[in-house]
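Content type compact mmCIF, C-alpha atoms, from the file data_24.txt:
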# COMPACT_ATOMS: atom_id res chain seq x y z
CA MET R 61 -161.12 -73.06 16.97
CA LYS R 62 -159.40 -71.25 14.17
CA THR R 63 -158.12 -68.55 16.41
CA LEU R 64 -157.08 -71.04 19.03
CA LYS R 65 -154.76 -72.96 16.76
CA PRO R 66 -151.95 -70.41 16.47
CA VAL R 67 -152.20 -69.77 20.18
CA LEU R 68 -151.83 -73.45 20.91
CA PHE R 69 -148.95 -73.63 18.50
CA ALA R 70 -147.22 -70.71 20.18
CA LEU R 71 -147.79 -72.30 23.53
CA LEU R 72 -146.28 -75.53 22.32
CA LEU R 73 -143.23 -73.70 21.03
CA ALA R 74 -142.85 -71.91 24.30
CA LEU R 75 -143.09 -75.16 26.20
CA ALA R 76 -140.73 -77.14 24.01
CA PRO R 77 -137.48 -75.89 25.53
CA VAL R 78 -138.89 -76.37 29.01
CA VAL R 79 -139.82 -79.96 28.27
CA HIS R 80 -136.38 -80.54 26.86
CA ALA R 81 -134.68 -78.95 29.84
CA GLN R 82 -136.58 -81.27 32.12
CA GLU R 83 -135.48 -84.47 30.49
CA ALA R 84 -134.99 -86.75 33.48
CA PRO R 85 -131.33 -87.19 34.45
CA ASP R 86 -131.28 -90.94 33.86
CA ALA R 87 -132.98 -90.55 30.49
CA LEU R 88 -130.45 -87.88 29.58
CA VAL R 89 -127.46 -90.07 30.48
CA LYS R 90 -128.92 -92.99 28.58
CA ARG R 91 -129.63 -90.95 25.49
CA VAL R 92 -126.26 -89.19 25.36
CA ALA R 93 -124.28 -92.37 26.10
CA GLN R 94 -126.19 -94.37 23.51
CA GLU R 95 -125.88 -91.68 20.86
CA THR R 96 -122.18 -91.38 21.49
CA LEU R 97 -121.58 -95.14 21.33
CA ASP R 98 -123.60 -95.36 18.11
CA LEU R 99 -121.63 -92.50 16.66
CA ILE R 100 -118.31 -94.19 17.45
CA LYS R 101 -119.49 -97.41 15.86
CA SER R 102 -120.44 -95.69 12.63
CA ASP R 103 -117.48 -93.33 12.35
CA PRO R 104 -114.10 -94.79 11.30
CA LYS R 105 -112.38 -91.47 12.04
CA LEU R 106 -113.46 -91.69 15.66
CA GLN R 107 -112.37 -95.29 15.91
CA ALA R 108 -108.96 -94.35 14.57
CA GLY R 109 -108.77 -91.64 17.23
CA ASP R 110 -108.54 -88.74 14.75
CA PRO R 111 -107.87 -85.89 17.22
CA ALA R 112 -109.83 -83.17 15.39
CA ARG R 113 -112.92 -85.33 14.99
CA VAL R 114 -112.72 -86.63 18.57
CA SER R 115 -112.58 -83.14 20.07
CA GLU R 116 -115.37 -82.00 17.77
CA VAL R 117 -117.62 -84.79 19.07
CA ILE R 118 -116.68 -84.16 22.68
CA GLU R 119 -117.25 -80.41 22.35
CA SER R 120 -120.60 -80.71 20.61
CA ARG R 121 -122.09 -83.84 22.18
CA LEU R 122 -120.71 -84.29 25.68
CA LEU R 123 -119.50 -80.97 27.06
CA PRO R 124 -122.92 -79.27 27.01
CA HIS R 125 -124.01 -81.82 29.61
CA PHE R 126 -121.25 -81.10 32.11
CA ASP R 127 -121.13 -78.40 34.77
CA PHE R 128 -117.42 -77.64 34.88
CA ALA R 129 -117.73 -74.71 37.26
CA ARG R 130 -119.31 -76.94 39.88
CA MET R 131 -116.87 -79.74 39.15
CA THR R 132 -113.92 -77.40 39.68
CA GLN R 133 -115.47 -75.93 42.80
CA LEU R 134 -115.95 -79.39 44.32
CA ALA R 135 -112.45 -80.49 43.41
CA MET R 136 -111.08 -77.33 45.04
CA GLY R 137 -113.01 -77.91 48.26
CA ARG R 138 -112.09 -75.33 50.87
CA ASN R 139 -109.48 -73.82 48.59
CA TRP R 140 -112.17 -72.50 46.24
CA ARG R 141 -112.73 -69.52 48.52
CA LEU R 142 -109.03 -68.68 48.42
CA ALA R 143 -109.30 -68.12 44.67
CA ALA R 144 -110.28 -64.74 43.24
CA PRO R 145 -113.05 -64.79 40.62
CA GLU R 146 -110.48 -64.43 37.82
CA GLN R 147 -108.49 -67.37 39.24
CA GLN R 148 -111.67 -69.41 39.54
CA ARG R 149 -112.42 -68.75 35.89
CA ARG R 150 -108.93 -69.79 34.80
CA LEU R 151 -109.02 -72.90 37.00
CA THR R 152 -112.32 -73.95 35.49
CA ASP R 153 -111.01 -73.40 31.95
CA GLU R 154 -107.78 -75.29 32.52
CA PHE R 155 -109.49 -78.15 34.35
CA ARG R 156 -111.99 -78.46 31.54
CA THR R 157 -109.20 -78.62 28.97
CA LEU R 158 -107.37 -81.27 30.99
CA LEU R 159 -110.45 -83.47 31.26
CA VAL R 160 -111.26 -83.11 27.57
CA ARG R 161 -107.72 -84.14 26.65
CA THR R 162 -107.86 -87.08 29.01
CA TYR R 163 -111.17 -88.37 27.78
CA ALA R 164 -110.42 -87.71 24.13
CA ASN R 165 -107.83 -90.41 24.49
CA ALA R 166 -110.21 -92.81 26.20
CA LEU R 167 -113.09 -92.28 23.79
CA ALA R 168 -111.37 -93.93 20.84
CA GLN R 169 -111.01 -97.14 22.84
CA TYR R 170 -114.75 -97.72 23.00
CA ARG R 171 -116.01 -100.14 20.40
CA ASP R 172 -118.32 -103.00 21.32
CA GLU R 173 -119.52 -101.58 24.60
CA THR R 174 -123.13 -101.45 25.62
CA ILE R 175 -124.55 -99.36 28.41
CA GLN R 176 -126.99 -100.69 30.94
CA MET R 177 -128.93 -98.37 33.20
CA LYS R 178 -129.24 -99.33 36.86
CA PRO R 179 -132.47 -98.69 38.74
CA PHE R 180 -132.81 -94.97 39.28
CA ARG R 181 -134.36 -93.52 42.41
CA ALA R 182 -134.78 -89.85 43.15
CA GLU R 183 -137.26 -87.92 45.24
CA SER R 184 -139.41 -85.58 43.23
CA GLY R 185 -137.97 -82.12 43.40
CA ALA R 186 -134.44 -83.42 43.99
CA THR R 187 -131.76 -81.14 42.57
CA ASP R 188 -128.81 -83.44 43.08
CA VAL R 189 -128.90 -87.09 42.01
CA VAL R 190 -126.67 -90.02 41.13
CA VAL R 191 -127.34 -91.89 37.90
CA ARG R 192 -125.87 -95.37 37.93
CA THR R 193 -124.88 -97.26 34.80
CA GLU R 194 -122.84 -100.27 33.94
CA VAL R 195 -120.75 -100.44 30.81
CA LEU R 196 -120.53 -103.96 29.48
CA ARG R 197 -118.25 -105.42 26.92
CA GLN R 198 -117.83 -108.86 25.54
CA GLY R 199 -115.59 -111.10 27.59
CA ARG R 200 -114.77 -108.57 30.28
CA ALA R 201 -116.13 -107.65 33.66
CA GLY R 202 -118.62 -104.81 33.52
CA VAL R 203 -117.52 -101.44 34.82
CA GLN R 204 -119.88 -99.41 36.96
CA ILE R 205 -119.96 -95.77 35.91
CA ASP R 206 -121.98 -93.35 38.03
CA TYR R 207 -122.73 -89.72 37.26
CA GLY R 208 -123.25 -87.13 39.96
CA MET R 209 -125.76 -84.71 38.43
CA THR R 210 -127.23 -81.39 39.38
CA ARG R 211 -130.28 -79.59 38.12
CA THR R 212 -129.60 -76.29 36.36
CA PRO R 213 -131.88 -73.93 34.45
CA ALA R 214 -130.44 -75.47 31.28
CA GLY R 215 -131.23 -79.06 32.24
CA TRP R 216 -129.43 -81.67 34.28
CA LYS R 217 -125.66 -81.52 34.15
CA ALA R 218 -122.99 -83.92 35.38
CA TYR R 219 -120.44 -82.66 37.89
CA ASP R 220 -118.75 -85.93 38.79
CA VAL R 221 -117.99 -89.21 37.09
CA VAL R 222 -117.31 -92.24 39.28
CA VAL R 223 -115.66 -95.15 37.47
CA GLY R 224 -115.59 -98.41 39.38
CA GLY R 225 -115.86 -96.49 42.64
CA VAL R 226 -113.15 -93.98 41.76
CA SER R 227 -114.56 -90.46 41.76
CA LEU R 228 -112.89 -88.00 39.45
CA VAL R 229 -113.64 -85.08 41.75
CA THR R 230 -112.30 -86.88 44.82
CA ASN R 231 -109.10 -87.81 43.00
CA TYR R 232 -108.52 -84.24 41.90
CA ARG R 233 -109.28 -82.89 45.36
CA ASP R 234 -106.05 -84.48 46.62
CA GLU R 235 -104.16 -83.26 43.60
CA PHE R 236 -105.47 -79.69 43.86
CA ASN R 237 -104.90 -79.58 47.60
CA GLU R 238 -101.30 -80.61 47.15
CA GLN R 239 -100.64 -77.98 44.48
CA VAL R 240 -102.33 -75.20 46.44
CA ARG R 241 -100.36 -76.14 49.54
CA ALA R 242 -97.12 -76.01 47.60
CA GLY R 243 -97.64 -72.97 45.40
CA GLY R 244 -100.96 -71.32 46.20
CA VAL R 245 -103.85 -71.01 43.77
CA ASP R 246 -101.53 -69.54 41.15
CA GLY R 247 -99.30 -72.58 41.52
CA LEU R 248 -102.26 -74.83 40.75
CA VAL R 249 -103.30 -72.73 37.74
CA LYS R 250 -99.75 -72.96 36.45
CA ALA R 251 -99.53 -76.71 37.02
CA LEU R 252 -102.75 -77.25 35.07
CA ALA R 253 -101.64 -74.92 32.28
CA ASP R 254 -98.28 -76.72 32.02
CA LYS R 255 -100.05 -80.04 31.83
CA ASN R 256 -102.31 -78.74 29.08
CA ARG R 257 -99.57 -77.22 26.97
CA PRO R 258 -99.35 -79.05 23.64
CA GLY R 259 -96.55 -81.58 23.73
CA ALA R 260 -96.67 -81.96 27.51
CA LYS R 261 -97.03 -85.51 28.65
CA MET X 178 -92.46 -119.64 58.56
CA ARG X 179 -90.10 -117.26 60.31
CA ALA X 180 -90.64 -114.73 57.54
CA ASN X 181 -94.34 -114.88 58.30
CA CYS X 182 -93.77 -114.09 61.96
CA VAL X 183 -91.60 -111.12 61.11
CA LEU X 184 -94.30 -109.94 58.78
CA VAL X 185 -97.02 -110.18 61.37
CA ILE X 186 -94.90 -108.22 63.83
CA ALA X 187 -94.11 -105.60 61.20
CA ALA X 188 -97.79 -105.35 60.38
CA ALA X 189 -98.67 -104.91 64.04
CA VAL X 190 -96.08 -102.16 64.42
CA LEU X 191 -97.29 -100.34 61.32
CA LEU X 192 -100.94 -100.66 62.26
CA GLY X 193 -100.19 -99.44 65.78
CA GLY X 194 -98.10 -96.61 64.42
CA CYS X 195 -100.98 -95.60 62.27
CA ALA X 196 -103.46 -95.41 65.10
CA THR X 197 -101.77 -92.29 66.43
CA THR X 198 -102.11 -90.38 63.16
CA SER X 199 -105.16 -89.85 61.04
CA ARG X 200 -103.22 -89.66 57.81
CA ILE X 201 -103.45 -92.66 55.56
CA ASP X 202 -99.92 -92.25 54.18
CA PRO X 203 -97.56 -91.81 57.16
CA LEU X 204 -94.75 -93.36 55.14
CA GLU X 205 -95.14 -90.92 52.26
CA PRO X 206 -91.43 -90.01 51.98
CA VAL X 207 -90.47 -93.69 51.78
CA ASN X 208 -93.33 -94.46 49.42
CA ARG X 209 -92.39 -91.62 47.13
CA ALA X 210 -88.82 -92.87 47.04
CA MET X 211 -90.17 -96.33 46.16
CA TYR X 212 -92.32 -94.79 43.45
CA ALA X 213 -89.27 -92.98 42.10
CA VAL X 214 -87.52 -96.34 41.83
CA HIS X 215 -90.55 -98.03 40.34
CA GLU X 216 -91.53 -95.49 37.70
CA PRO X 217 -88.44 -95.53 35.42
CA ILE X 218 -88.12 -99.32 35.59
CA ASP X 219 -91.78 -99.71 34.77
CA ARG X 220 -91.66 -97.14 31.98
CA THR X 221 -88.53 -98.36 30.23
CA LEU X 222 -88.63 -102.12 30.81
CA VAL X 223 -91.91 -103.49 32.11
CA ARG X 224 -94.39 -101.48 30.09
CA PRO X 225 -92.82 -102.06 26.66
CA ALA X 226 -92.67 -105.79 27.40
CA ILE X 227 -96.30 -105.89 28.48
CA GLN X 228 -97.32 -103.81 25.47
CA ALA X 229 -95.55 -106.34 23.24
CA TYR X 230 -97.48 -109.12 24.96
CA VAL X 231 -100.78 -107.34 24.30
CA ASP X 232 -99.81 -106.51 20.69
CA HIS X 233 -98.50 -109.94 19.68
CA VAL X 234 -100.39 -112.51 21.69
CA PRO X 235 -103.89 -113.06 20.24
CA ARG X 236 -106.76 -111.81 22.34
CA PHE X 237 -108.29 -115.25 22.89
CA VAL X 238 -105.01 -116.62 24.23
CA ARG X 239 -104.74 -113.72 26.65
CA GLN X 240 -108.36 -114.18 27.63
CA THR X 241 -107.73 -117.88 28.30
CA ILE X 242 -104.81 -116.98 30.54
CA THR X 243 -106.91 -114.40 32.38
CA ASN X 244 -109.65 -117.01 32.83
CA PHE X 245 -107.22 -119.47 34.35
CA PHE X 246 -106.07 -117.02 37.00
CA ASN X 247 -109.58 -115.70 37.54
CA ASN X 248 -110.62 -119.23 38.42
CA ILE X 249 -108.07 -119.23 41.25
CA ASP X 250 -109.28 -115.76 42.27
CA ASP X 251 -112.83 -117.09 42.41
CA LEU X 252 -111.75 -119.85 44.79
CA TYR X 253 -110.26 -117.23 47.12
CA SER X 254 -113.27 -115.02 46.63
CA GLY X 255 -115.48 -117.88 47.80
CA ILE X 256 -113.34 -118.47 50.88
CA ASN X 257 -113.40 -114.76 51.71
CA GLY X 258 -117.11 -114.57 51.05
CA LEU X 259 -117.56 -117.20 53.77
CA LEU X 260 -115.16 -115.42 56.12
CA GLN X 261 -117.25 -112.27 55.69
CA GLY X 262 -120.52 -114.07 56.23
CA LYS X 263 -121.76 -113.70 52.67
CA PRO X 264 -122.91 -117.24 51.87
CA ASP X 265 -124.77 -116.24 48.69
CA LYS X 266 -121.72 -114.67 47.18
CA ALA X 267 -119.53 -117.56 48.32
CA GLY X 268 -121.99 -120.00 46.78
CA HIS X 269 -121.72 -118.24 43.44
CA ASP X 270 -117.94 -118.29 43.61
CA PHE X 271 -117.62 -121.95 44.57
CA GLY X 272 -120.18 -122.78 41.90
CA ARG X 273 -118.10 -120.88 39.37
CA VAL X 274 -114.93 -122.71 40.39
CA MET X 275 -116.65 -126.08 40.05
CA VAL X 276 -118.24 -125.34 36.70
CA ASN X 277 -115.14 -123.70 35.24
CA SER X 278 -112.72 -126.30 36.58
CA LEU X 279 -114.74 -129.28 35.40
CA ILE X 280 -116.50 -128.12 32.25
CA GLY X 281 -114.22 -125.17 31.48
CA LEU X 282 -111.01 -127.24 31.25
CA ALA X 283 -109.37 -126.33 34.57
CA GLY X 284 -110.55 -122.74 34.33
CA LEU X 285 -109.32 -122.01 30.82
CA ILE X 286 -112.84 -121.31 29.62
CA ASP X 287 -115.14 -119.12 31.67
CA VAL X 288 -118.34 -121.11 31.25
CA ALA X 289 -119.79 -119.72 34.46
CA SER X 290 -119.81 -116.11 33.26
CA ASP X 291 -121.59 -117.17 30.08
CA ALA X 292 -124.14 -118.81 32.35
CA GLY X 293 -124.53 -115.52 34.19
CA ILE X 294 -123.00 -116.50 37.55
CA PRO X 295 -121.45 -113.30 38.90
CA ARG X 296 -117.92 -113.11 40.31
CA GLY X 297 -117.69 -112.21 43.99
CA GLU X 298 -114.30 -110.48 43.72
CA GLU X 299 -113.67 -110.76 47.44
CA ASP X 300 -110.16 -111.02 48.87
CA PHE X 301 -108.41 -111.18 52.24
CA GLY X 302 -107.92 -107.42 52.40
CA GLN X 303 -111.68 -106.93 52.13
CA THR X 304 -112.26 -109.64 54.73
CA PHE X 305 -109.95 -107.88 57.19
CA ALA X 306 -111.78 -104.64 56.45
CA SER X 307 -115.13 -106.30 57.19
CA TRP X 308 -113.69 -107.42 60.52
CA GLY X 309 -112.99 -103.78 61.32
CA ILE X 310 -109.27 -103.80 60.65
CA PRO X 311 -108.23 -100.43 59.17
CA HIS X 312 -106.00 -100.00 56.12
CA GLY X 313 -102.92 -99.29 58.18
CA ALA X 314 -100.28 -97.39 56.28
CA TYR X 315 -100.58 -96.96 52.55
CA LEU X 316 -97.65 -98.61 50.78
CA PHE X 317 -96.20 -98.26 47.34
CA VAL X 318 -94.15 -101.31 46.40
CA PRO X 319 -91.90 -101.14 43.33
CA LEU X 320 -93.07 -103.43 40.51
CA PHE X 321 -96.11 -104.39 42.57
CA GLY X 322 -97.85 -101.06 42.86
CA PRO X 323 -100.16 -99.49 45.42
CA THR X 324 -101.30 -101.44 48.47
CA SER X 325 -101.64 -101.01 52.21
CA VAL X 326 -100.48 -102.95 55.26
CA ARG X 327 -103.89 -104.62 55.45
CA ASP X 328 -104.30 -105.38 51.76
CA GLY X 329 -100.66 -106.31 51.26
CA GLY X 330 -100.89 -108.68 54.23
CA GLY X 331 -103.93 -110.27 52.62
CA PHE X 332 -102.05 -110.62 49.38
CA LEU X 333 -99.17 -112.38 51.13
CA ILE X 334 -101.52 -114.90 52.76
CA ARG X 335 -102.88 -115.62 49.35
CA ALA X 336 -99.47 -115.82 47.70
CA TYR X 337 -98.29 -118.35 50.31
CA THR X 338 -101.35 -120.56 49.99
CA THR X 339 -102.21 -120.40 46.29
CA PRO X 340 -102.55 -123.76 44.51
CA VAL X 341 -99.83 -122.64 42.10
CA GLY X 342 -97.40 -122.80 45.03
CA PHE X 343 -98.03 -126.52 45.44
CA ILE X 344 -96.68 -127.39 42.01
CA ASP X 345 -93.53 -129.43 42.67
CA ASN X 346 -91.78 -128.68 39.42
CA VAL X 347 -89.97 -125.46 40.27
CA SER X 348 -89.47 -124.15 36.75
CA LEU X 349 -93.08 -124.86 35.78
CA ARG X 350 -94.22 -123.13 38.95
CA ASN X 351 -92.07 -120.09 38.20
CA VAL X 352 -93.37 -119.92 34.65
CA ILE X 353 -96.94 -119.90 35.91
CA TRP X 354 -96.10 -117.19 38.46
CA GLY X 355 -94.50 -115.18 35.65
CA ILE X 356 -97.47 -115.53 33.31
CA GLY X 357 -99.78 -114.56 36.16
CA ALA X 358 -97.78 -111.38 36.75
CA VAL X 359 -97.82 -110.49 33.06
CA ASP X 360 -101.56 -111.11 32.90
CA LEU X 361 -102.20 -108.83 35.88
CA ARG X 362 -99.97 -106.08 34.59
CA ALA X 363 -101.55 -106.23 31.13
CA GLN X 364 -104.95 -105.56 32.64
CA ALA X 365 -103.65 -102.36 34.21
CA LEU X 366 -102.14 -101.00 31.00
CA ASP X 367 -105.09 -98.82 29.96
CA ALA X 368 -105.50 -97.41 33.43
CA GLN X 369 -101.89 -96.34 33.36
CA THR X 370 -102.31 -94.35 30.14
CA LEU X 371 -105.22 -92.59 31.78
CA VAL X 372 -103.23 -91.73 34.90
CA GLU X 373 -100.46 -90.24 32.79
CA ARG X 374 -102.85 -88.07 30.88
CA ALA X 375 -104.94 -87.04 33.82
CA ALA X 376 -102.63 -86.65 36.80
CA LEU X 377 -100.77 -83.56 37.92
CA ASP X 378 -98.88 -85.80 40.33
CA PRO X 379 -99.23 -89.49 39.44
CA TYR X 380 -98.22 -90.59 42.94
CA THR X 381 -101.14 -88.76 44.55
CA PHE X 382 -103.52 -89.73 41.78
CA ILE X 383 -102.70 -93.43 42.07
CA ARG X 384 -102.96 -93.32 45.86
CA ARG X 385 -106.42 -91.79 45.90
CA SER X 386 -107.60 -94.04 43.08
CA TYR X 387 -106.41 -97.09 44.98
CA LEU X 388 -108.03 -96.05 48.25
CA GLN X 389 -111.32 -95.19 46.55
CA ARG X 390 -111.31 -98.45 44.63
CA ARG X 391 -110.71 -100.51 47.76
CA GLU X 392 -113.41 -98.65 49.65
CA TYR X 393 -115.79 -99.44 46.83
CA GLN X 394 -114.85 -103.13 46.91
CA VAL X 395 -115.06 -103.38 50.67
CA TYR X 396 -118.62 -102.03 50.57
CA ASP X 397 -119.54 -104.18 47.55
CA GLY X 398 -120.07 -101.19 45.32
CA GLN X 399 -122.08 -99.11 47.83
CA PRO X 400 -119.53 -97.08 49.80
CA PRO X 401 -120.83 -94.47 52.24
CA PRO X 402 -120.53 -90.87 50.98
CA ALA X 403 -116.95 -89.61 51.19
CA LYS X 404 -115.96 -86.94 53.66
CA GLU X 405 -113.90 -84.09 52.36
CA ASP X 406 -110.84 -84.56 54.53
CA ASP X 407 -110.70 -88.28 55.01
CA GLU X 408 -106.99 -88.52 54.46

Is it possible to give me this structure as structure tokens?
Amino acid sequence: MKTLKPVLFALLLALAPVVHAQEAPDALVKRVAQETLDLIKSDPKLQAGDPARVSEVIESRLLPHFDFARMTQLAMGRNWRLAAPEQQRRLTDEFRTLLVRTYANALAQYRDETIQMKPFRAESGATDVVVRTEVLRQGRAGVQIDYGMTRTPAGWKAYDVVVGGVSLVTNYRDEFNEQVRAGGVDGLVKALADKNRPGAK
Amino acid sequence: MRANCVLVIAAAVLLGGCATTSRIDPLEPVNRAMYAVHEPIDRTLVRPAIQAYVDHVPRFVRQTITNFFNNIDDLYSGINGLLQGKPDKAGHDFGRVMVNSLIGLAGLIDVASDAGIPRGEEDFGQTFASWGIPHGAYLFVPLFGPTSVRDGGGFLIRAYTTPVGFIDNVSLRNVIWGIGAVDLRAQALDAQTLVERAALDPYTFIRRSYLQRREYQVYDGQPPPAKEDDE
């Protein structure tokens, strides 16, 4: 028994990250959303929209759960193959920055919201699922927010957010298509970079 | 009445015109010109006025106004629920209208939502869609925003039949129309900030958002998976 204990302990340690990585996608969404809402409620700086604090929270709490490479690839559609690996990397970086800037602004507006999970169905062994939630706030119609999620070695990650039926990836597919048609992949990279430049609208 | 006939003919022409092309926005050059007219007016005049409304009118007053117009929406939602063969939804909506009109002081207080009766949020555009009528051309109308031949047609039917239109006192009627417009625009204020932050080309972004949103509404929140090139 004595000799078994450290072995068991080592085994437990070895298993811990695996268990964590396999947190079910709906449980993950619920936990992260709830933690973030709680954090906003208890942090006046966040409520005031303090830019440094908001980006800190987004970087540390939300971004690890997104798969930006896949998101960018889906938004590019057929055009993804036109992009060289270096261009793909830049696109992913710029797209990520754009989304962070966009949502940094939206985050500060959350206050009394609560999140309700919708029934979640997925076949065992599924690697691509949709987690449905509804965000409720006093006196207003609820907004359905769905997350397209994919299984990665580092746990489930979101690659699309669908707000009231409007998919982020689908919206950007039109936008990216248009830019690539007009100025090639480089044109799109430039358009994103221009949009991200500090001071740009 | 003659205006209506012209409209129906125009709609038929546009719908027919659209059948020969798969693109949803055959009038894009015109629409973009309309958007170019709309954007500066909205940015410099409309938006500051609406922002002032949101900043200076207390939330509960604005909510009361929203409730009043929602009550009329619910009536139309009930009618459209019936037209689409969704009696359960229609029942909820008519129930809401009755409860809110009688107990909720002519719709000023949304008692029905507190009682947990859901809103159907159906409209004529969705009814036409359920009858198999396609969008027709996408349209961008200055000061009104994104719509399509089908949805815009539905809106016109509604605008011509709304109870507000039966108020005899012209100035009172116009005031109510005006407040309704302000109320609607105020609800879209946050979305607009988002579009500005997020979009490379706001015109395209708004168009796809609108089409996705309508698809979602037509299928009551369960749209079929999107194809990649469904434009």

* What does the distance between CA of Pro235 (chain X) and CA of Leu196 (chain R) come to in Å, to one decimal place? -> 21.1 Å

Give me, as JSON lines, each residue of chain X that comes within 7 Å of chain R, together with its shortest interatomic pair and the distance in Å at one decimal, counting all atoms listed in the file, with rows ordered by chain and rising residue number.
{"residue": "X:Leu371", "atom": "CA", "partner": "R:Thr162", "partner_atom": "CA", "distance": 6.7}
{"residue": "X:Arg374", "atom": "CA", "partner": "R:Thr162", "partner_atom": "CA", "distance": 5.4}
{"residue": "X:Ala375", "atom": "CA", "partner": "R:Thr162", "partner_atom": "CA", "distance": 5.6}
{"residue": "X:Leu377", "atom": "CA", "partner": "R:Glu235", "partner_atom": "CA", "distance": 6.6}
{"residue": "X:Asp378", "atom": "CA", "partner": "R:Glu235", "partner_atom": "CA", "distance": 6.7}
{"residue": "X:Thr381", "atom": "CA", "partner": "R:Glu235", "partner_atom": "CA", "distance": 6.3}
{"residue": "X:Phe382", "atom": "CA", "partner": "R:Asn231", "partner_atom": "CA", "distance": 6.0}
{"residue": "X:Arg385", "atom": "CA", "partner": "R:Asn231", "partner_atom": "CA", "distance": 5.6}
{"residue": "X:Ser386", "atom": "CA", "partner": "R:Val226", "partner_atom": "CA", "distance": 5.7}
{"residue": "X:Gln389", "atom": "CA", "partner": "R:Val226", "partner_atom": "CA", "distance": 5.3}
{"residue": "X:Arg390", "atom": "CA", "partner": "R:Gly225", "partner_atom": "CA", "distance": 5.3}
{"residue": "X:Tyr393", "atom": "CA", "partner": "R:Gly225", "partner_atom": "CA", "distance": 5.1}
{"residue": "X:Gly398", "atom": "CA", "partner": "R:Gly225", "partner_atom": "CA", "distance": 6.9}

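Distance-wise, CA of His215 (chain X) and CA of Ala336 (chain X) end up 21.2 Å apart.
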
* Suppose you want the space between CA of Arg236 (chain X) and CA of Ile286 (chain X); what is it in Å? -> 13.4 Å

* Please identify all polymer residues within 9 Å of Phe305 (chain X), counting all atoms listed in the file, omitting same-chain residues fewer than 4 positions from it, and present them as a list of chain:residue names. => X:Gln261, X:Asp300, X:Phe301, X:Gly309, X:Ile310, X:Pro311, X:His312, X:Arg327, X:Asp328, X:Gly331

Print the selection's residues with C-alpha atoms to a file, as a compact mmCIF listing (two decimals), in the frame of the given file.
# COMPACT_ATOMS: atom_id res chain seq x y z
CA GLN X 261 -117.25 -112.27 55.69
CA ASP X 300 -110.16 -111.02 48.87
CA PHE X 301 -108.41 -111.18 52.24
CA GLY X 309 -112.99 -103.78 61.32
CA ILE X 310 -109.27 -103.80 60.65
CA PRO X 311 -108.23 -100.43 59.17
CA HIS X 312 -106.00 -100.00 56.12
CA ARG X 327 -103.89 -104.62 55.45
CA ASP X 328 -104.30 -105.38 51.76
CA GLY X 331 -103.93 -110.27 52.62

* Within 12 Å of region 116-124 of chain R, counting all atoms listed in the file, which residues show up once you throw out same-chain ones fewer than 3 positions away? Write them as a ChimeraX atom specification, please. => /R:88-89,91-97,99-100,103,105-106,109-113,127-128,156-157,159-168,212,214-219

* region 362-369 of chain X surroundings by only C-alpha atoms, 10 Å radius, close-in-sequence under 2 positions cut, as a count of residues only -> 27

* To do: Give the answer as one residue: which of X:Ile334, X:Ala292, X:Leu285, X:Val395 has the shortest atom-to-atom distance to Phe237 (chain X), using all atoms listed in the file?
  => X:Leu285

* Dig up all the protein and nucleic acid residues within 7 Å of (-112.1, -74.2, 39.0) in the file frame, using all atoms listed in the file, and format them as JSON, numbers by chain. => {"R": [129, 132, 133, 136, 148, 149, 150, 151, 152, 155]}

* Can you work out which one of X:Ile344, X:Leu260, X:Leu333, X:Ala210 has the shortest atom-to-atom distance to Trp308 (chain X), counting all atoms listed in the file? => X:Leu260

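Nearest to Gly202 (chain R) of all the residues R:Ser102, R:Leu142, R:Thr174, R:Asp188 is R:Thr174, counting only C-alpha atoms.
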